$ cat entry33.cif   # mmCIF, C-alpha atoms
data_model
#
loop_
_atom_site.label_atom_id
_atom_site.label_comp_id
_atom_site.auth_asym_id
_atom_site.auth_seq_id
_atom_site.Cartn_x
_atom_site.Cartn_y
_atom_site.Cartn_z
CA MET A 1 132.19 59.95 -39.83
CA SER A 2 128.88 61.49 -40.78
CA ASP A 3 128.51 63.79 -43.76
CA ALA A 4 126.63 66.18 -41.47
CA ARG A 5 129.74 66.66 -39.32
CA LEU A 6 131.97 67.30 -42.33
CA ALA A 7 129.39 69.71 -43.72
CA GLN A 8 129.48 71.72 -40.48
CA GLN A 9 133.27 71.77 -40.44
CA LEU A 10 133.53 72.91 -44.07
CA ALA A 11 130.81 75.55 -43.54
CA PHE A 12 132.92 77.00 -40.71
CA LEU A 13 136.11 76.88 -42.80
CA THR A 14 134.36 78.63 -45.66
CA GLU A 15 132.82 81.26 -43.38
CA ILE A 16 136.19 82.20 -41.85
CA ASP A 17 137.56 82.90 -45.32
CA LYS A 18 135.92 86.32 -44.72
CA LEU A 19 138.67 87.17 -42.22
CA LYS A 20 140.89 87.81 -45.27
CA SER A 21 138.66 90.80 -46.04
CA VAL A 22 138.83 92.45 -42.59
CA VAL A 23 141.34 95.29 -42.93
CA ARG A 24 143.53 96.39 -40.01
CA ALA A 25 145.24 99.69 -39.22
CA THR A 26 148.71 98.12 -39.53
CA ARG A 27 150.47 98.32 -42.89
CA LEU A 28 152.63 95.64 -44.52
CA CYS A 29 156.34 96.06 -43.77
CA ASP A 30 156.86 97.46 -47.30
CA GLY A 31 154.06 100.00 -46.74
CA THR A 32 152.16 99.05 -49.90
CA ARG A 33 148.82 98.39 -48.22
CA ARG A 34 147.11 97.64 -44.89
CA GLU A 35 147.23 94.06 -43.72
CA ASN A 36 144.12 91.95 -43.26
CA SER A 37 143.25 89.92 -40.19
CA GLY A 38 143.75 86.57 -41.93
CA GLU A 39 147.37 87.18 -42.91
CA HIS A 40 147.93 88.96 -39.57
CA SER A 41 146.80 85.79 -37.78
CA TRP A 42 149.35 83.76 -39.76
CA HIS A 43 152.09 86.27 -39.05
CA ILE A 44 151.59 86.36 -35.29
CA ALA A 45 151.38 82.57 -35.12
CA MET A 46 154.86 82.69 -36.69
CA TYR A 47 155.88 85.38 -34.16
CA ALA A 48 154.82 83.04 -31.33
CA MET A 49 156.65 80.07 -32.87
CA VAL A 50 159.90 82.03 -33.28
CA LEU A 51 159.75 84.05 -30.05
CA ALA A 52 158.43 81.37 -27.64
CA GLU A 53 161.70 81.33 -25.67
CA HIS A 54 161.09 84.95 -24.62
CA ALA A 55 157.85 84.15 -22.75
CA ASN A 56 158.04 85.41 -19.19
CA ARG A 57 156.46 82.27 -17.76
CA PRO A 58 156.27 78.68 -19.06
CA VAL A 59 153.81 78.41 -21.94
CA ASP A 60 152.43 75.60 -24.08
CA ILE A 61 153.41 77.05 -27.43
CA ASN A 62 151.01 74.76 -29.31
CA ARG A 63 148.07 76.19 -27.36
CA VAL A 64 149.39 79.72 -27.91
CA ILE A 65 149.57 79.13 -31.66
CA LYS A 66 146.01 77.77 -31.79
CA MET A 67 144.80 80.70 -29.69
CA LEU A 68 146.41 83.18 -32.10
CA LEU A 69 145.02 81.39 -35.17
CA ILE A 70 141.45 81.85 -33.89
CA HIS A 71 141.81 85.08 -31.87
CA ASP A 72 140.52 87.46 -34.56
CA ILE A 73 137.76 85.33 -36.09
CA VAL A 74 135.07 87.37 -34.30
CA GLU A 75 136.19 90.37 -36.40
CA ILE A 76 134.27 88.88 -39.32
CA ASP A 77 131.15 90.29 -37.63
CA ALA A 78 132.67 92.84 -35.25
CA GLY A 79 135.37 94.41 -37.45
CA ASP A 80 138.86 95.32 -36.30
CA ASN A 81 139.26 97.88 -33.51
CA PRO A 82 142.63 99.60 -33.86
CA ILE A 83 144.40 99.81 -30.52
CA HIS A 84 144.96 103.54 -30.98
CA GLY A 85 141.39 104.18 -32.19
CA ASN A 86 138.32 105.12 -30.16
CA HIS A 87 135.65 102.56 -29.48
CA ASP A 88 133.16 101.70 -26.77
CA VAL A 89 134.80 98.74 -25.00
CA ALA A 90 131.61 97.46 -23.34
CA GLN A 91 129.57 97.67 -26.53
CA MET A 92 132.35 96.01 -28.51
CA GLU A 93 132.44 93.12 -26.07
CA VAL A 94 128.72 92.49 -26.59
CA ILE A 95 129.21 92.48 -30.36
CA GLU A 96 132.22 90.18 -30.17
CA GLN A 97 130.43 87.72 -27.87
CA ALA A 98 127.54 87.52 -30.34
CA ALA A 99 130.06 87.00 -33.17
CA ALA A 100 131.72 84.16 -31.25
CA ASP A 101 128.29 82.57 -30.66
CA ARG A 102 127.44 82.71 -34.35
CA ILE A 103 130.75 81.78 -35.96
CA PHE A 104 132.05 79.11 -33.57
CA GLY A 105 128.44 77.87 -33.49
CA LEU A 106 128.84 76.71 -37.10
CA LEU A 107 131.15 73.93 -35.85
CA PRO A 108 130.07 70.59 -34.36
CA THR A 109 129.32 71.14 -30.66
CA ASP A 110 132.52 69.55 -29.28
CA GLN A 111 134.69 71.75 -31.50
CA GLU A 112 132.56 74.82 -30.83
CA GLN A 113 133.20 74.35 -27.11
CA GLU A 114 136.93 73.76 -27.60
CA PHE A 115 137.43 76.83 -29.82
CA ARG A 116 135.21 79.04 -27.69
CA ALA A 117 137.09 78.08 -24.51
CA LEU A 118 140.38 78.95 -26.22
CA TRP A 119 139.04 82.33 -27.42
CA ASP A 120 137.52 83.10 -23.99
CA GLU A 121 140.91 82.33 -22.42
CA PHE A 122 142.65 84.69 -24.86
CA GLU A 123 140.15 87.45 -24.14
CA ALA A 124 140.48 87.02 -20.36
CA ALA A 125 144.29 87.45 -20.70
CA GLU A 126 144.95 85.76 -17.36
CA SER A 127 146.61 82.42 -18.14
CA ASN A 128 150.32 82.26 -19.01
CA ASP A 129 149.43 81.15 -22.55
CA ALA A 130 146.98 84.03 -23.05
CA ILE A 131 149.34 86.63 -21.59
CA PHE A 132 152.10 85.58 -23.98
CA ALA A 133 149.65 85.42 -26.91
CA LYS A 134 148.52 88.99 -26.13
CA SER A 135 152.17 90.15 -26.08
CA VAL A 136 152.75 88.74 -29.52
CA ASP A 137 149.54 90.26 -30.88
CA ARG A 138 150.51 93.69 -29.58
CA VAL A 139 154.16 93.65 -30.61
CA GLN A 140 153.84 92.81 -34.30
CA PRO A 141 152.35 96.22 -35.31
CA CYS A 142 155.28 97.94 -33.54
CA VAL A 143 157.78 96.01 -35.63
CA SER A 144 155.85 96.88 -38.79
CA ASN A 145 155.61 100.55 -37.79
CA LEU A 146 159.37 100.74 -37.23
CA GLU A 147 159.91 99.20 -40.69
CA VAL A 148 157.55 101.50 -42.51
CA GLY A 149 158.31 104.82 -40.84
CA GLY A 150 155.60 105.19 -38.22
CA ALA A 151 152.41 104.34 -40.14
CA SER A 152 149.59 103.90 -37.58
CA TRP A 153 151.52 105.92 -34.94
CA ILE A 154 151.44 108.91 -37.27
CA GLU A 155 147.94 108.23 -38.58
CA TYR A 156 146.46 108.06 -35.07
CA ASN A 157 148.71 110.83 -33.73
CA VAL A 158 150.14 108.62 -31.00
CA SER A 159 152.82 109.69 -28.51
CA TYR A 160 155.62 107.52 -27.17
CA GLU A 161 153.89 107.50 -23.78
CA GLN A 162 150.70 106.17 -25.36
CA VAL A 163 152.61 103.34 -27.06
CA GLU A 164 154.15 102.54 -23.69
CA GLN A 165 150.72 102.50 -21.96
CA ARG A 166 148.69 100.73 -24.64
CA VAL A 167 151.30 98.31 -25.95
CA GLY A 168 154.45 98.28 -23.86
CA VAL A 169 152.82 97.28 -20.57
CA LYS A 170 151.20 94.23 -22.17
CA VAL A 171 154.23 93.15 -24.18
CA ALA A 172 156.48 93.57 -21.15
CA LYS A 173 154.11 91.43 -19.07
CA GLY A 174 154.34 88.46 -21.42
CA ALA A 175 157.78 88.91 -22.98
CA PRO A 176 159.94 91.42 -21.06
CA ALA A 177 163.20 90.85 -22.98
CA LEU A 178 161.38 91.40 -26.25
CA TRP A 179 159.90 94.67 -25.03
CA ALA A 180 163.23 95.86 -23.62
CA TYR A 181 164.79 95.29 -27.05
CA LEU A 182 162.06 97.11 -28.95
CA GLN A 183 161.46 99.85 -26.39
CA ALA A 184 164.87 101.40 -27.07
CA ARG A 185 164.21 101.41 -30.81
CA ILE A 186 160.69 102.80 -30.48
CA ARG A 187 161.85 105.56 -28.13
CA ALA A 188 164.61 106.46 -30.58
CA TRP A 189 162.07 106.66 -33.40
CA PHE A 190 159.83 109.04 -31.43
CA ASP A 191 162.83 111.10 -30.24
CA ALA A 192 163.97 111.56 -33.84
CA ARG A 193 160.63 113.01 -34.99
CA MET B 1 169.19 86.48 -24.07
CA SER B 2 171.47 88.33 -26.44
CA ASP B 3 170.27 91.22 -28.56
CA ALA B 4 171.94 89.52 -31.53
CA ARG B 5 169.59 86.55 -31.24
CA LEU B 6 166.49 88.76 -31.02
CA ALA B 7 167.75 90.80 -33.97
CA GLN B 8 168.00 87.63 -36.08
CA GLN B 9 164.54 86.47 -35.03
CA LEU B 10 162.93 89.83 -35.82
CA ALA B 11 164.78 90.06 -39.15
CA PHE B 12 163.25 86.70 -40.11
CA LEU B 13 159.77 87.76 -38.95
CA THR B 14 160.04 90.98 -40.94
CA GLU B 15 161.30 89.17 -44.05
CA ILE B 16 158.42 86.70 -44.07
CA ASP B 17 155.95 89.62 -44.13
CA LYS B 18 156.61 89.42 -47.90
CA LEU B 19 154.58 86.21 -48.08
CA LYS B 20 151.51 88.46 -47.86
CA SER B 21 152.43 89.79 -51.31
CA VAL B 22 152.78 86.40 -53.06
CA VAL B 23 149.57 85.91 -55.02
CA ARG B 24 148.09 82.46 -55.64
CA ALA B 25 145.78 81.12 -58.35
CA THR B 26 142.98 80.44 -55.84
CA ARG B 27 140.35 83.13 -55.29
CA LEU B 28 138.71 84.12 -52.02
CA CYS B 29 135.42 82.30 -51.40
CA ASP B 30 133.52 85.48 -52.37
CA GLY B 31 135.48 85.71 -55.63
CA THR B 32 136.59 89.31 -55.07
CA ARG B 33 140.31 88.70 -55.50
CA ARG B 34 143.04 86.04 -55.49
CA GLU B 35 144.32 84.97 -52.11
CA ASN B 36 147.91 85.49 -51.02
CA SER B 37 150.18 82.85 -49.54
CA GLY B 38 150.21 84.46 -46.07
CA GLU B 39 146.46 84.32 -45.56
CA HIS B 40 146.38 80.92 -47.31
CA SER B 41 148.85 79.62 -44.71
CA TRP B 42 146.55 80.81 -41.92
CA HIS B 43 143.53 79.26 -43.57
CA ILE B 44 145.05 75.81 -44.06
CA ALA B 45 146.40 75.81 -40.49
CA MET B 46 142.74 76.29 -39.51
CA TYR B 47 141.74 73.50 -41.94
CA ALA B 48 144.21 71.17 -40.20
CA MET B 49 142.98 72.18 -36.73
CA VAL B 50 139.32 71.56 -37.66
CA LEU B 51 139.79 68.46 -39.82
CA ALA B 52 142.46 66.61 -37.81
CA GLU B 53 140.08 63.78 -36.95
CA HIS B 54 139.88 62.86 -40.64
CA ALA B 55 143.58 62.06 -40.94
CA ASN B 56 144.07 58.57 -42.32
CA ARG B 57 146.84 57.73 -39.87
CA PRO B 58 147.69 59.11 -36.41
CA VAL B 59 149.19 62.60 -36.68
CA ASP B 60 150.67 65.11 -34.25
CA ILE B 61 148.37 67.99 -35.12
CA ASN B 62 150.70 70.54 -33.51
CA ARG B 63 153.53 69.51 -35.85
CA VAL B 64 151.12 69.56 -38.81
CA ILE B 65 150.05 73.12 -37.94
CA LYS B 66 153.66 74.32 -37.67
CA MET B 67 154.49 72.60 -40.96
CA LEU B 68 151.62 74.37 -42.69
CA LEU B 69 152.52 77.75 -41.19
CA ILE B 70 156.01 77.55 -42.74
CA HIS B 71 155.32 75.44 -45.85
CA ASP B 72 155.01 78.33 -48.32
CA ILE B 73 157.71 80.67 -46.98
CA VAL B 74 160.08 79.69 -49.83
CA GLU B 75 157.58 81.30 -52.22
CA ILE B 76 158.94 84.69 -51.16
CA ASP B 77 161.85 83.95 -53.52
CA ALA B 78 160.39 81.17 -55.68
CA GLY B 79 156.84 82.45 -56.26
CA ASP B 80 153.73 80.31 -56.21
CA ASN B 81 153.40 77.47 -58.71
CA PRO B 82 149.72 76.77 -59.34
CA ILE B 83 149.00 73.05 -59.27
CA HIS B 84 147.27 73.24 -62.65
CA GLY B 85 149.98 75.43 -64.19
CA ASN B 86 153.10 74.38 -66.12
CA HIS B 87 156.48 74.58 -64.47
CA ASP B 88 159.79 72.72 -64.55
CA VAL B 89 159.66 70.63 -61.37
CA ALA B 90 163.42 70.00 -61.15
CA GLN B 91 164.31 73.65 -61.74
CA MET B 92 161.69 74.77 -59.22
CA GLU B 93 163.17 72.46 -56.60
CA VAL B 94 166.58 74.06 -57.04
CA ILE B 95 165.07 77.53 -56.65
CA GLU B 96 163.05 76.52 -53.58
CA GLN B 97 166.06 74.90 -51.90
CA ALA B 98 168.04 78.12 -52.38
CA ALA B 99 165.09 80.09 -50.97
CA ALA B 100 164.97 77.84 -47.91
CA ASP B 101 168.73 78.32 -47.42
CA ARG B 102 168.40 82.10 -47.56
CA ILE B 103 165.19 82.68 -45.62
CA PHE B 104 165.47 80.07 -42.85
CA GLY B 105 169.15 81.10 -42.71
CA LEU B 106 168.09 84.45 -41.25
CA LEU B 107 167.17 82.65 -38.01
CA PRO B 108 169.56 81.62 -35.22
CA THR B 109 171.14 78.29 -36.22
CA ASP B 110 169.10 76.08 -33.86
CA GLN B 111 165.83 77.50 -35.19
CA GLU B 112 167.06 77.42 -38.80
CA GLN B 113 167.68 73.68 -38.39
CA GLU B 114 164.32 73.07 -36.72
CA PHE B 115 162.32 74.98 -39.36
CA ARG B 116 164.31 73.53 -42.26
CA ALA B 117 163.78 69.98 -41.00
CA LEU B 118 160.04 70.61 -40.79
CA TRP B 119 159.95 72.07 -44.30
CA ASP B 120 162.07 69.21 -45.70
CA GLU B 121 159.66 66.74 -44.10
CA PHE B 122 156.68 68.51 -45.69
CA GLU B 123 158.35 68.49 -49.10
CA ALA B 124 159.27 64.79 -48.82
CA ALA B 125 155.58 63.99 -48.12
CA GLU B 126 156.42 60.63 -46.53
CA SER B 127 155.66 60.98 -42.80
CA ASN B 128 152.09 60.73 -41.54
CA ASP B 129 152.20 64.39 -40.51
CA ALA B 130 153.44 65.53 -43.94
CA ILE B 131 150.94 63.36 -45.84
CA PHE B 132 148.06 64.89 -43.88
CA ALA B 133 149.49 68.40 -44.24
CA LYS B 134 149.69 67.91 -48.02
CA SER B 135 146.05 66.75 -48.08
CA VAL B 136 144.95 69.91 -46.35
CA ASP B 137 147.04 72.12 -48.63
CA ARG B 138 145.50 70.51 -51.72
CA VAL B 139 141.91 70.41 -50.57
CA GLN B 140 141.39 74.06 -49.62
CA PRO B 141 141.45 75.38 -53.24
CA CYS B 142 138.78 72.80 -54.17
CA VAL B 143 136.46 74.09 -51.46
CA SER B 144 137.07 77.67 -52.65
CA ASN B 145 136.49 76.69 -56.29
CA LEU B 146 133.16 75.05 -55.41
CA GLU B 147 132.14 78.24 -53.56
CA VAL B 148 133.08 80.63 -56.33
CA GLY B 149 131.90 78.71 -59.39
CA GLY B 150 134.99 76.98 -60.70
CA ALA B 151 137.61 79.78 -60.68
CA SER B 152 141.04 78.17 -61.23
CA TRP B 153 139.45 75.04 -62.78
CA ILE B 154 137.98 77.22 -65.50
CA GLU B 155 140.98 79.51 -65.78
CA TYR B 156 143.40 76.60 -66.26
CA ASN B 157 140.90 74.59 -68.36
CA VAL B 158 141.06 71.62 -66.00
CA SER B 159 139.01 68.43 -66.41
CA TYR B 160 137.47 66.38 -63.62
CA GLU B 161 140.04 63.65 -64.30
CA GLN B 162 142.89 66.13 -63.85
CA VAL B 163 141.48 67.27 -60.49
CA GLU B 164 141.29 63.61 -59.50
CA GLN B 165 144.92 62.97 -60.57
CA ARG B 166 146.52 66.17 -59.29
CA VAL B 167 144.47 66.71 -56.14
CA GLY B 168 142.22 63.77 -55.34
CA VAL B 169 144.94 61.14 -55.08
CA LYS B 170 146.85 63.22 -52.51
CA VAL B 171 143.83 64.27 -50.48
CA ALA B 172 142.53 60.69 -50.43
CA LYS B 173 145.91 59.45 -49.20
CA GLY B 174 145.90 61.72 -46.14
CA ALA B 175 142.19 62.18 -45.48
CA PRO B 176 140.04 59.65 -47.40
CA ALA B 177 136.70 60.55 -45.78
CA LEU B 178 137.24 64.19 -46.62
CA TRP B 179 137.98 63.38 -50.25
CA ALA B 180 134.99 61.02 -50.52
CA TYR B 181 132.75 63.86 -49.31
CA LEU B 182 134.17 66.44 -51.71
CA GLN B 183 134.64 64.10 -54.66
CA ALA B 184 130.89 63.71 -55.13
CA ARG B 185 130.40 67.47 -55.06
CA ILE B 186 133.30 68.17 -57.43
CA ARG B 187 132.11 65.53 -59.88
CA ALA B 188 128.60 67.01 -59.79
CA TRP B 189 130.06 70.47 -60.54
CA PHE B 190 131.96 69.19 -63.58
CA ASP B 191 128.97 67.11 -64.78
CA ALA B 192 126.76 70.21 -64.63
CA ARG B 193 129.03 72.28 -66.90
#
$ encode --input "entry33.cif" --output "C-alpha cells"
Amino acid sequence: MSDARLAQQLAFLTEIDKLKSVVRATRLCDGTRRENSGEHSWHIAMYAMVLAEHANRPVDINRVIKMLLIHDIVEIDAGDNPIHGNHDVAQMEVIEQAAADRIFGLLPTDQEQEFRALWDEFEAAESNDAIFAKSVDRVQPCVSNLEVGGASWIEYNVSYEQVEQRVGVKVAKGAPALWAYLQARIRAWFDAR
Amino acid sequence: MSDARLAQQLAFLTEIDKLKSVVRATRLCDGTRRENSGEHSWHIAMYAMVLAEHANRPVDINRVIKMLLIHDIVEIDAGDNPIHGNHDVAQMEVIEQAAADRIFGLLPTDQEQEFRALWDEFEAAESNDAIFAKSVDRVQPCVSNLEVGGASWIEYNVSYEQVEQRVGVKVAKGAPALWAYLQARIRAWFDAR
C-alpha cells in the first residue's frame, strides 16, 4: 500500500470533518440547538438500519446506509438547503456537482468513482435503494418537529398540505407504512394549532 | 406491520438523538469546538468505509459500519470516557451494560438482540470485524490532533509512549499499514515539541 494512497484517503477524511459545521434547519429533539449535517448523517443511517423492514420494495440496506453516510458531503461547499426554504434548484445542482467533483476528487480514483456513483444514484432517486434512502432523509425532520413542538414548520410558516407535498409524497413512496403512521400524528399537530 | 412496533422503533430513534449532546475530548479538525459522539459516529463510519482495504484480516465492512454506528450509544447514559482520562474500568462497564439494557431495550425484541449482539462483539474486541472497528475508533482522534496542533494530547499531558500504548497497539492490531503511516507523523509531532 503506497503512502500516497493513504495520504489521499486521510486528506478526504479530514476534509469531510467540515460537515460537522454545516448547520441544518432541523433542531435536536430537545430543542436546544439546530443539528449539523454530520450528526444528521449518523442519525439517518440509524433510521435506515432500524426501519429497513418498512421499505416499499426490496433494498440492500448496506448500500442504503453507505448512500446516507455520504449523501450530504457536498454541503461542505454548497451549504444545506432547507426543504421548506427557497432556492434555485438548477443553480444549486450546478454548485453541488462542482462540490462532488472537488470533494470526492480528493480520494484515490477507484474510490472517487465508487462514492460518486453512489451519490449520483441518491440524487437521481430512481433505484429502490435511493428511493428508500430519500424517504429516511425526509422523515427524520418530521419526527424531530413533532418532538420539539413544530420548529422548522413554524419557522418556515409551513402548512399541513405543504408537508404532505414536500415530504409525505416522498416518504410514502419509499416507506408507506411509516408515512401512514406519522401522517396521522402530523395532521393532528397541525389541526391542534 | 403493527403500530406498536413502529412506535418502539421511533422511540429508540428519538432517544438516540441525545448522542448529539454527548461531548468528547477530541476537537474538530479546525479546532473550533469539541466533537460530539453523534457526529463522531458518522465520521468513523466514513473512516471504516474509506480505509477498509487496510484491515489486517478479512472483514465484513457492512458489519463494521453498523458496529461503529451503534458503538457509542451507551454514552447517552454513561458519558464519554476519554482514552487519556482516568476512570474506573470495572465500574464503567457496569454502567455501560445498564445503559445498553435500557437503550437497546427500547427496540422490538428481535432488533434489541441484534443490536446488543453487535455492541457486545465490539466491546469484546475479539472478532476481525471488532478489531478493525476498534482501530478506526482509536485512530480518528490522532488524525484530528495532528490537524489541530495536539489538542487532547496537550490537554491530558500525554507522552508519545502513552499514545503508542493506549492507541498505537490497538490501531496496529487492526490496521498495521495505517498505524505505520501515522506513527511516523505522530512521533515527529512529539519530537518537535
$ residues_around --input "entry33.cif" --residues "stretch 163-170 of chain B" --least-positions-apart "5" --cutoff "10 Å" --atoms "only C-alpha atoms" --output "ChimeraX atom specification"
/B:83-84,125,131-132,134-139,141-142,153,158,175-176,179-180,182-183,186-187
$ resolve_selection --input "entry33.cif" --expression "the PyMOL selection byres ((chain B) within 6 of (chain A))" --output "VMD selection string"
chain B and resid 38 to 39 42 62
$ atom_distance --input "entry33.cif" --atom1 "atom CA of A:Ala151" --atom2 "atom CA of B:Ala78"
29.0 Å
$ closest_residue --input "entry33.cif" --among "A:His71, A:Val22, A:Ile76, A:Glu112" --to "A:Ile95" --atoms "only C-alpha atoms"
A:Ile76
$ closest_residue --input "entry33.cif" --among "B:Asp191, B:Asp88, B:Asp101, B:Glu121" --to "B:Ile73" --atoms "only C-alpha atoms"
B:Asp101
$ closest_residue --input "entry33.cif" --among "A:Val23, A:Val59, A:Ala90, A:Ile103" --to "A:Asp77" --atoms "only C-alpha atoms"
A:Ile103
$ axis_aligned_box --input "entry33.cif" --around "stretch 95-114 of chain A" --padding-each-side "4 Å" --output "JSON"
{"center_x": 132.2, "center_y": 81.0, "center_z": -32.1, "size_x": 17.5, "size_y": 30.9, "size_z": 18.0}
$ atom_distance --input "entry33.cif" --atom1 "atom CA of A:Glu155" --atom2 "atom CA of A:Asn81"
14.4 Å
$ atom_distance --input "entry33.cif" --atom1 "atom CA of B:Arg24" --atom2 "atom CA of B:Asp80"
6.1 Å
$ build_atoms --input "entry33.cif" --residues "stretch 24-38 of chain A" --atoms "N, CA, C and O atoms" --output "PDB file, in the frame of the given file"
ATOM      1  N   ARG A  24     142.991  95.851 -41.260  1.00  0.00           N
ATOM      2  CA  ARG A  24     143.530  96.390 -40.010  1.00  0.00           C
ATOM      3  C   ARG A  24     144.213  97.741 -40.226  1.00  0.00           C
ATOM      4  O   ARG A  24     144.491  98.125 -41.345  1.00  0.00           O
ATOM      5  N   ALA A  25     144.522  98.414 -39.125  1.00  0.00           N
ATOM      6  CA  ALA A  25     145.240  99.690 -39.220  1.00  0.00           C
ATOM      7  C   ALA A  25     146.696  99.494 -39.652  1.00  0.00           C
ATOM      8  O   ALA A  25     147.264 100.332 -40.361  1.00  0.00           O
ATOM      9  N   THR A  26     147.291  98.374 -39.259  1.00  0.00           N
ATOM     10  CA  THR A  26     148.710  98.120 -39.530  1.00  0.00           C
ATOM     11  C   THR A  26     148.976  97.945 -41.028  1.00  0.00           C
ATOM     12  O   THR A  26     148.170  97.333 -41.728  1.00  0.00           O
ATOM     13  N   ARG A  27     150.099  98.478 -41.488  1.00  0.00           N
ATOM     14  CA  ARG A  27     150.470  98.320 -42.890  1.00  0.00           C
ATOM     15  C   ARG A  27     151.469  97.170 -43.039  1.00  0.00           C
ATOM     16  O   ARG A  27     152.146  96.787 -42.089  1.00  0.00           O
ATOM     17  N   LEU A  28     151.561  96.604 -44.249  1.00  0.00           N
ATOM     18  CA  LEU A  28     152.630  95.640 -44.520  1.00  0.00           C
ATOM     19  C   LEU A  28     153.974  96.315 -44.283  1.00  0.00           C
ATOM     20  O   LEU A  28     154.082  97.550 -44.328  1.00  0.00           O
ATOM     21  N   CYS A  29     155.007  95.511 -44.074  1.00  0.00           N
ATOM     22  CA  CYS A  29     156.340  96.060 -43.770  1.00  0.00           C
ATOM     23  C   CYS A  29     156.933  96.841 -44.948  1.00  0.00           C
ATOM     24  O   CYS A  29     157.872  97.619 -44.760  1.00  0.00           O
ATOM     25  N   ASP A  30     156.392  96.651 -46.168  1.00  0.00           N
ATOM     26  CA  ASP A  30     156.860  97.460 -47.300  1.00  0.00           C
ATOM     27  C   ASP A  30     155.939  98.670 -47.530  1.00  0.00           C
ATOM     28  O   ASP A  30     156.146  99.432 -48.486  1.00  0.00           O
ATOM     29  N   GLY A  31     154.922  98.817 -46.679  1.00  0.00           N
ATOM     30  CA  GLY A  31     154.060 100.000 -46.740  1.00  0.00           C
ATOM     31  C   GLY A  31     153.027 100.012 -47.838  1.00  0.00           C
ATOM     32  O   GLY A  31     152.227 100.948 -47.932  1.00  0.00           O
ATOM     33  N   THR A  32     152.996  98.991 -48.698  1.00  0.00           N
ATOM     34  CA  THR A  32     152.160  99.050 -49.900  1.00  0.00           C
ATOM     35  C   THR A  32     150.653  99.048 -49.614  1.00  0.00           C
ATOM     36  O   THR A  32     149.879  99.599 -50.394  1.00  0.00           O
ATOM     37  N   ARG A  33     150.256  98.414 -48.542  1.00  0.00           N
ATOM     38  CA  ARG A  33     148.820  98.390 -48.220  1.00  0.00           C
ATOM     39  C   ARG A  33     148.653  98.025 -46.746  1.00  0.00           C
ATOM     40  O   ARG A  33     149.613  97.642 -46.084  1.00  0.00           O
ATOM     41  N   ARG A  34     147.411  98.112 -46.251  1.00  0.00           N
ATOM     42  CA  ARG A  34     147.110  97.640 -44.890  1.00  0.00           C
ATOM     43  C   ARG A  34     147.036  96.119 -44.903  1.00  0.00           C
ATOM     44  O   ARG A  34     146.664  95.530 -45.912  1.00  0.00           O
ATOM     45  N   GLU A  35     147.362  95.517 -43.762  1.00  0.00           N
ATOM     46  CA  GLU A  35     147.230  94.060 -43.720  1.00  0.00           C
ATOM     47  C   GLU A  35     145.806  93.675 -43.332  1.00  0.00           C
ATOM     48  O   GLU A  35     145.063  94.491 -42.766  1.00  0.00           O
ATOM     49  N   ASN A  36     145.433  92.442 -43.691  1.00  0.00           N
ATOM     50  CA  ASN A  36     144.120  91.950 -43.260  1.00  0.00           C
ATOM     51  C   ASN A  36     144.301  90.992 -42.082  1.00  0.00           C
ATOM     52  O   ASN A  36     145.412  90.544 -41.787  1.00  0.00           O
ATOM     53  N   SER A  37     143.177  90.692 -41.435  1.00  0.00           N
ATOM     54  CA  SER A  37     143.250  89.920 -40.190  1.00  0.00           C
ATOM     55  C   SER A  37     143.566  88.449 -40.408  1.00  0.00           C
ATOM     56  O   SER A  37     144.030  87.782 -39.478  1.00  0.00           O
ATOM     57  N   GLY A  38     143.362  87.948 -41.631  1.00  0.00           N
ATOM     58  CA  GLY A  38     143.750  86.570 -41.930  1.00  0.00           C
ATOM     59  C   GLY A  38     145.255  86.424 -41.983  1.00  0.00           C
ATOM     60  O   GLY A  38     145.847  85.596 -41.279  1.00  0.00           O
TER      61      GLY A  38
END
